[in-house]
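As stored in my_file_19.pdb (PDB, C-alpha atoms):
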MODEL        1
ATOM      1  CA  MET N   1    -122.865  25.871   5.610
ATOM      2  CA  ASN N   2    -124.167  22.290   5.606
ATOM      3  CA  LYS N   3    -121.963  19.189   5.516
ATOM      4  CA  ASP N   4    -122.669  18.489   1.825
ATOM      5  CA  HIS N   5    -121.497  21.967   0.896
ATOM      6  CA  VAL N   6    -118.348  21.707   3.010
ATOM      7  CA  ALA N   7    -117.387  18.302   1.618
ATOM      8  CA  MET N   8    -118.124  19.148  -2.023
ATOM      9  CA  THR N   9    -116.182  22.385  -1.668
ATOM     10  CA  GLN N  10    -113.190  20.287  -0.617
ATOM     11  CA  ALA N  11    -113.705  17.965  -3.609
ATOM     12  CA  LEU N  12    -113.821  21.029  -5.873
ATOM     13  CA  LYS N  13    -110.520  22.264  -4.378
ATOM     14  CA  LEU N  14    -108.944  18.913  -5.199
ATOM     15  CA  ALA N  15    -110.376  19.085  -8.724
ATOM     16  CA  ARG N  16    -108.839  22.532  -9.116
ATOM     17  CA  GLU N  17    -105.479  21.128  -7.969
ATOM     18  CA  ALA N  18    -105.808  18.421 -10.619
ATOM     19  CA  LEU N  19    -106.650  21.018 -13.272
ATOM     20  CA  ASP N  20    -103.694  23.185 -12.227
ATOM     21  CA  ALA N  21    -101.457  20.112 -12.663
ATOM     22  CA  GLY N  22    -102.877  19.542 -16.153
ATOM     23  CA  GLU N  23    -104.978  16.584 -15.044
ATOM     24  CA  PHE N  24    -108.669  15.884 -15.624
ATOM     25  CA  PRO N  25    -110.443  18.013 -12.958
ATOM     26  CA  VAL N  26    -112.000  15.389 -10.720
ATOM     27  CA  GLY N  27    -111.765  15.597  -6.945
ATOM     28  CA  CYS N  28    -113.260  13.220  -4.416
ATOM     29  CA  VAL N  29    -113.697  13.098  -0.650
ATOM     30  CA  ILE N  30    -115.312  10.486   1.551
ATOM     31  CA  THR N  31    -116.853  11.539   4.836
ATOM     32  CA  LEU N  32    -118.315   9.944   7.922
ATOM     33  CA  ASP N  33    -120.293  12.177  10.275
ATOM     34  CA  ALA N  34    -118.951  15.265   8.471
ATOM     35  CA  ASP N  35    -115.325  14.179   9.033
ATOM     36  CA  ILE N  36    -113.251  13.729   5.892
ATOM     37  CA  LEU N  37    -111.703  10.250   5.988
ATOM     38  CA  ALA N  38    -110.275  10.060   2.470
ATOM     39  CA  ALA N  39    -109.493  12.595  -0.238
ATOM     40  CA  SER N  40    -107.985  12.334  -3.696
ATOM     41  CA  ARG N  41    -107.879  13.833  -7.145
ATOM     42  CA  ARG N  42    -107.538  12.423 -10.627
ATOM     43  CA  GLU N  43    -104.051  11.271 -11.528
ATOM     44  CA  THR N  44    -102.266  10.149 -14.681
ATOM     45  CA  SER N  45    -104.838  11.387 -17.179
ATOM     46  CA  ILE N  46    -102.052  13.130 -19.089
ATOM     47  CA  GLY N  47     -99.008  11.866 -20.928
ATOM     48  CA  THR N  48     -98.540   9.289 -23.632
ATOM     49  CA  LEU N  49    -100.122   6.452 -21.637
ATOM     50  CA  PRO N  50    -102.983   7.868 -19.562
ATOM     51  CA  SER N  51    -104.395   5.462 -16.999
ATOM     52  CA  GLU N  52    -108.088   4.712 -16.794
ATOM     53  CA  ILE N  53    -107.911   3.207 -13.310
ATOM     54  CA  THR N  54    -106.466   6.119 -11.353
ATOM     55  CA  HIS N  55    -109.806   7.855 -10.964
ATOM     56  CA  ALA N  56    -110.218  10.058  -7.911
ATOM     57  CA  GLU N  57    -112.978   7.808  -6.538
ATOM     58  CA  ILE N  58    -110.859   4.658  -6.798
ATOM     59  CA  LEU N  59    -107.925   6.346  -5.073
ATOM     60  CA  ALA N  60    -110.169   7.605  -2.246
ATOM     61  CA  LEU N  61    -111.766   4.177  -1.828
ATOM     62  CA  ARG N  62    -108.308   2.628  -1.494
ATOM     63  CA  GLN N  63    -107.548   5.078   1.320
ATOM     64  CA  LEU N  64    -110.860   4.291   2.989
ATOM     65  CA  GLU N  65    -110.150   0.543   2.938
ATOM     66  CA  GLN N  66    -107.222   1.157   5.279
ATOM     67  CA  ILE N  67    -109.197   2.998   7.956
ATOM     68  CA  LEU N  68    -112.900   2.155   7.965
ATOM     69  CA  PRO N  69    -114.317  -1.346   8.471
ATOM     70  CA  MET N  70    -116.898  -2.551   5.960
ATOM     71  CA  ASN N  71    -119.709  -2.617   8.532
ATOM     72  CA  GLU N  72    -119.327   1.149   9.153
ATOM     73  CA  ARG N  73    -119.218   2.261   5.510
ATOM     74  CA  LYS N  74    -122.992   2.347   5.018
ATOM     75  CA  ASN N  75    -122.918   5.627   6.981
ATOM     76  CA  ALA N  76    -120.216   7.154   4.770
ATOM     77  CA  THR N  77    -120.748   9.577   1.880
ATOM     78  CA  LEU N  78    -118.617   9.907  -1.242
ATOM     79  CA  TYR N  79    -118.481  13.367  -2.865
ATOM     80  CA  THR N  80    -117.135  13.739  -6.373
ATOM     81  CA  THR N  81    -117.005  16.547  -8.896
ATOM     82  CA  LEU N  82    -117.998  14.265 -11.788
ATOM     83  CA  GLU N  83    -120.691  11.606 -11.830
ATOM     84  CA  PRO N  84    -118.934   8.274 -11.195
ATOM     85  CA  CYS N  85    -118.287   6.125 -14.244
ATOM     86  CA  LEU N  86    -119.425   2.490 -14.274
ATOM     87  CA  MET N  87    -116.072   1.294 -12.908
ATOM     88  CA  CYS N  88    -116.184   3.715  -9.997
ATOM     89  CA  TYR N  89    -119.870   3.130  -9.354
ATOM     90  CA  ALA N  90    -119.274  -0.628  -9.138
ATOM     91  CA  ALA N  91    -116.350  -0.032  -6.763
ATOM     92  CA  ILE N  92    -118.557   2.208  -4.613
ATOM     93  CA  LEU N  93    -121.221  -0.522  -4.492
ATOM     94  CA  LEU N  94    -118.596  -3.117  -3.543
ATOM     95  CA  SER N  95    -117.269  -0.791  -0.835
ATOM     96  CA  GLY N  96    -120.687  -0.571   0.802
ATOM     97  CA  LEU N  97    -120.942   3.228   0.936
ATOM     98  CA  GLY N  98    -124.407   4.493   1.806
ATOM     99  CA  ARG N  99    -124.473   7.731  -0.146
ATOM    100  CA  ILE N 100    -123.005   9.426  -3.224
ATOM    101  CA  VAL N 101    -123.107  13.156  -3.982
ATOM    102  CA  TRP N 102    -121.863  14.276  -7.375
ATOM    103  CA  ALA N 103    -121.619  17.671  -9.046
ATOM    104  CA  TYR N 104    -121.387  17.446 -12.847
ATOM    105  CA  GLU N 105    -123.043  14.781 -14.983
ATOM    106  CA  ASP N 106    -120.815  12.549 -17.076
ATOM    107  CA  ALA N 107    -122.747  12.654 -20.339
ATOM    108  CA  MET N 108    -120.358  10.139 -21.858
ATOM    109  CA  GLY N 109    -119.760   7.527 -19.176
ATOM    110  CA  GLY N 110    -121.757   8.260 -16.047
ATOM    111  CA  GLY N 111    -122.910   5.155 -14.247
ATOM    112  CA  THR N 112    -125.283   6.356 -11.545
ATOM    113  CA  ASN N 113    -128.160   7.087 -13.906
ATOM    114  CA  CYS N 114    -128.054   3.717 -15.620
ATOM    115  CA  ASN N 115    -131.118   1.632 -14.896
ATOM    116  CA  LEU N 116    -129.246  -1.136 -13.157
ATOM    117  CA  HIS N 117    -131.690  -1.909 -10.387
ATOM    118  CA  GLU N 118    -133.532  -4.641 -12.275
ATOM    119  CA  ASP N 119    -130.484  -6.220 -13.872
ATOM    120  CA  LEU N 120    -127.992  -6.274 -11.021
ATOM    121  CA  PRO N 121    -127.145  -9.554  -9.311
ATOM    122  CA  PRO N 122    -128.385  -9.734  -5.696
ATOM    123  CA  PHE N 123    -125.009  -8.834  -4.193
ATOM    124  CA  TYR N 124    -124.929  -5.473  -5.995
ATOM    125  CA  ALA N 125    -128.656  -4.852  -5.847
ATOM    126  CA  SER N 126    -128.546  -5.036  -2.056
ATOM    127  CA  ARG N 127    -126.034  -2.170  -2.004
ATOM    128  CA  GLN N 128    -127.924   0.699  -3.584
ATOM    129  CA  PRO N 129    -126.651   3.970  -2.104
ATOM    130  CA  GLU N 130    -128.666   7.143  -1.878
ATOM    131  CA  ILE N 131    -127.609   9.450  -4.715
ATOM    132  CA  ARG N 132    -127.717  13.231  -4.767
ATOM    133  CA  SER N 133    -126.894  14.625  -8.197
ATOM    134  CA  HIS N 134    -125.975  18.029  -9.625
ATOM    135  CA  PHE N 135    -124.830  19.407  -6.268
ATOM    136  CA  LEU N 136    -122.705  22.551  -6.904
ATOM    137  CA  ARG N 137    -122.866  21.618 -10.600
ATOM    138  CA  GLU N 138    -121.931  25.058 -11.932
ATOM    139  CA  ALA N 139    -118.667  25.164  -9.982
ATOM    140  CA  SER N 140    -117.636  21.785 -11.355
ATOM    141  CA  LEU N 141    -118.814  22.589 -14.888
ATOM    142  CA  SER N 142    -116.570  25.662 -14.914
ATOM    143  CA  LEU N 143    -113.515  23.477 -14.189
ATOM    144  CA  PHE N 144    -114.389  21.066 -16.988
ATOM    145  CA  LYS N 145    -114.927  23.959 -19.404
ATOM    146  CA  LEU N 146    -111.456  25.242 -18.541
ATOM    147  CA  PHE N 147    -109.975  21.789 -19.068
ATOM    148  CA  PHE N 148    -111.640  21.085 -22.406
ATOM    149  CA  SER N 149    -111.023  24.594 -23.768
ATOM    150  CA  ASN N 150    -107.279  24.353 -23.100
ATOM    151  CA  PRO N 151    -105.586  23.240 -26.356
ATOM    152  CA  LYS N 152    -102.757  21.656 -24.336
ATOM    153  CA  ASN N 153    -105.145  19.045 -22.914
ATOM    154  CA  SER N 154    -105.679  16.086 -25.210
ATOM    155  CA  TYR N 155    -107.431  13.796 -22.729
ATOM    156  CA  TRP N 156    -110.935  13.083 -24.055
ATOM    157  CA  LYS N 157    -110.513  15.934 -26.548
ATOM    158  CA  ASP N 158    -113.392  15.941 -29.072
ATOM    159  CA  SER N 159    -115.222  13.279 -27.018
ATOM    160  CA  PRO N 160    -118.972  13.387 -26.381
ATOM    161  CA  LEU N 161    -118.201  14.713 -22.872
ATOM    162  CA  ALA N 162    -115.965  17.487 -24.242
ATOM    163  CA  ARG N 163    -118.578  18.556 -26.809
ATOM    164  CA  TYR N 164    -121.380  18.399 -24.214
ATOM    165  CA  THR N 165    -119.333  20.437 -21.733
ATOM    166  CA  LEU N 166    -118.223  23.101 -24.160
ATOM    167  CA  ALA N 167    -121.792  23.516 -25.453
ATOM    168  CA  ALA N 168    -123.228  23.911 -21.932
ATOM    169  CA  PRO N 169    -124.411  27.431 -21.089
TER     170      PRO N 169
ENDMDL
END
Target encoding structure tokens, full file:
Amino acid sequence: MNKDHVAMTQALKLAREALDAGEFPVGCVITLDADILAASRRETSIGTLPSEITHAEILALRQLEQILPMNERKNATLYTTLEPCLMCYAAILLSGLGRIVWAYEDAMGGGTNCNLHEDLPPFYASRQPEIRSHFLREASLSLFKLFFSNPKNSYWKDSPLARYTLAAP
């Protein structure tokens, strides 16, 4: 099993933990030389006041800040079960990570496929990570289908992402 498979499998386990807790099924790990340095899952997506800043990627990046100096982050890889949104993508750029691997496309708010290369200020443009998309997509898609098909989950219910996910074969 290669390092991408091992790391994404761990992110999928975290996403499953989030789903089992009723949360949006996003898991994230950050690795360096195949060692997992940070790991998190989506939090506070349920309840009367869901938070839009407790994304798994943001939580993992906060962990990483405590243990890995900026000059070493270009060799790190972030694995996530959902394509990073614009907020998370910007945070990844600011953090200086060299690579992103994501599983399921965010048809509603994904940021990595936006054509930002020409319009980014120099600071961000100089930090373009390598991106590998749709890695273990089917495993992640199955978690999102479970989430959106559960009538107890109201988070992003009837959203473009929910409709896209539920219509996926």
Resolved residues for the PyMOL selection byres ((chain N and resi 3) around 10) as an MDAnalysis selection string
chainID N and resid 1:2 4:9 31 33:35
Exercise. Counting only C-alpha atoms, select every polymer residue within 9 Å of (-117.0, 9.7, -2.5) as defined in the file's coordinates, and provide the selection as a ChimeraX atom specification.
Key: /N:11,28-31,38-39,56-57,60-61,76-80,92,97,99-102
inquiry  = I'd like the residues picked by the PyMOL selection byres ((chain N and resi 128) around 12) written out as a ChimeraX atom specification, using the chain letters and numbers from the file.
reply    = /N:74,89-90,92-100,112,115-118,120-127,129-131
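Coordinates place atom CA of N:Asn113 at a distance of 29.0 Å from atom CA of N:Gln66.
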Practice prompt. Would you write out, as a VMD selection string, every residue that the PyMOL selection byres ((chain N and resi 162) around 12) captures in this file?
Written response: chain N and resid 24 105 to 109 141 143 to 150 153 to 161 163 to 168
Using only C-alpha atoms, please write the residues we just selected to a file, as an mmCIF file, in the frame of the given file.
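Wrote it out as selection_12.cif, contents follow:
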data_model
loop_
_atom_site.group_PDB
_atom_site.id
_atom_site.type_symbol
_atom_site.label_atom_id
_atom_site.label_comp_id
_atom_site.auth_asym_id
_atom_site.auth_seq_id
_atom_site.Cartn_x
_atom_site.Cartn_y
_atom_site.Cartn_z
ATOM 1 C CA PHE N 24 -108.669 15.884 -15.624
ATOM 2 C CA GLU N 105 -123.043 14.781 -14.983
ATOM 3 C CA ASP N 106 -120.815 12.549 -17.076
ATOM 4 C CA ALA N 107 -122.747 12.654 -20.339
ATOM 5 C CA MET N 108 -120.358 10.139 -21.858
ATOM 6 C CA GLY N 109 -119.760 7.527 -19.176
ATOM 7 C CA LEU N 141 -118.814 22.589 -14.888
ATOM 8 C CA LEU N 143 -113.515 23.477 -14.189
ATOM 9 C CA PHE N 144 -114.389 21.066 -16.988
ATOM 10 C CA LYS N 145 -114.927 23.959 -19.404
ATOM 11 C CA LEU N 146 -111.456 25.242 -18.541
ATOM 12 C CA PHE N 147 -109.975 21.789 -19.068
ATOM 13 C CA PHE N 148 -111.640 21.085 -22.406
ATOM 14 C CA SER N 149 -111.023 24.594 -23.768
ATOM 15 C CA ASN N 150 -107.279 24.353 -23.100
ATOM 16 C CA ASN N 153 -105.145 19.045 -22.914
ATOM 17 C CA SER N 154 -105.679 16.086 -25.210
ATOM 18 C CA TYR N 155 -107.431 13.796 -22.729
ATOM 19 C CA TRP N 156 -110.935 13.083 -24.055
ATOM 20 C CA LYS N 157 -110.513 15.934 -26.548
ATOM 21 C CA ASP N 158 -113.392 15.941 -29.072
ATOM 22 C CA SER N 159 -115.222 13.279 -27.018
ATOM 23 C CA PRO N 160 -118.972 13.387 -26.381
ATOM 24 C CA LEU N 161 -118.201 14.713 -22.872
ATOM 25 C CA ARG N 163 -118.578 18.556 -26.809
ATOM 26 C CA TYR N 164 -121.380 18.399 -24.214
ATOM 27 C CA THR N 165 -119.333 20.437 -21.733
ATOM 28 C CA LEU N 166 -118.223 23.101 -24.160
ATOM 29 C CA ALA N 167 -121.792 23.516 -25.453
ATOM 30 C CA ALA N 168 -123.228 23.911 -21.932
#
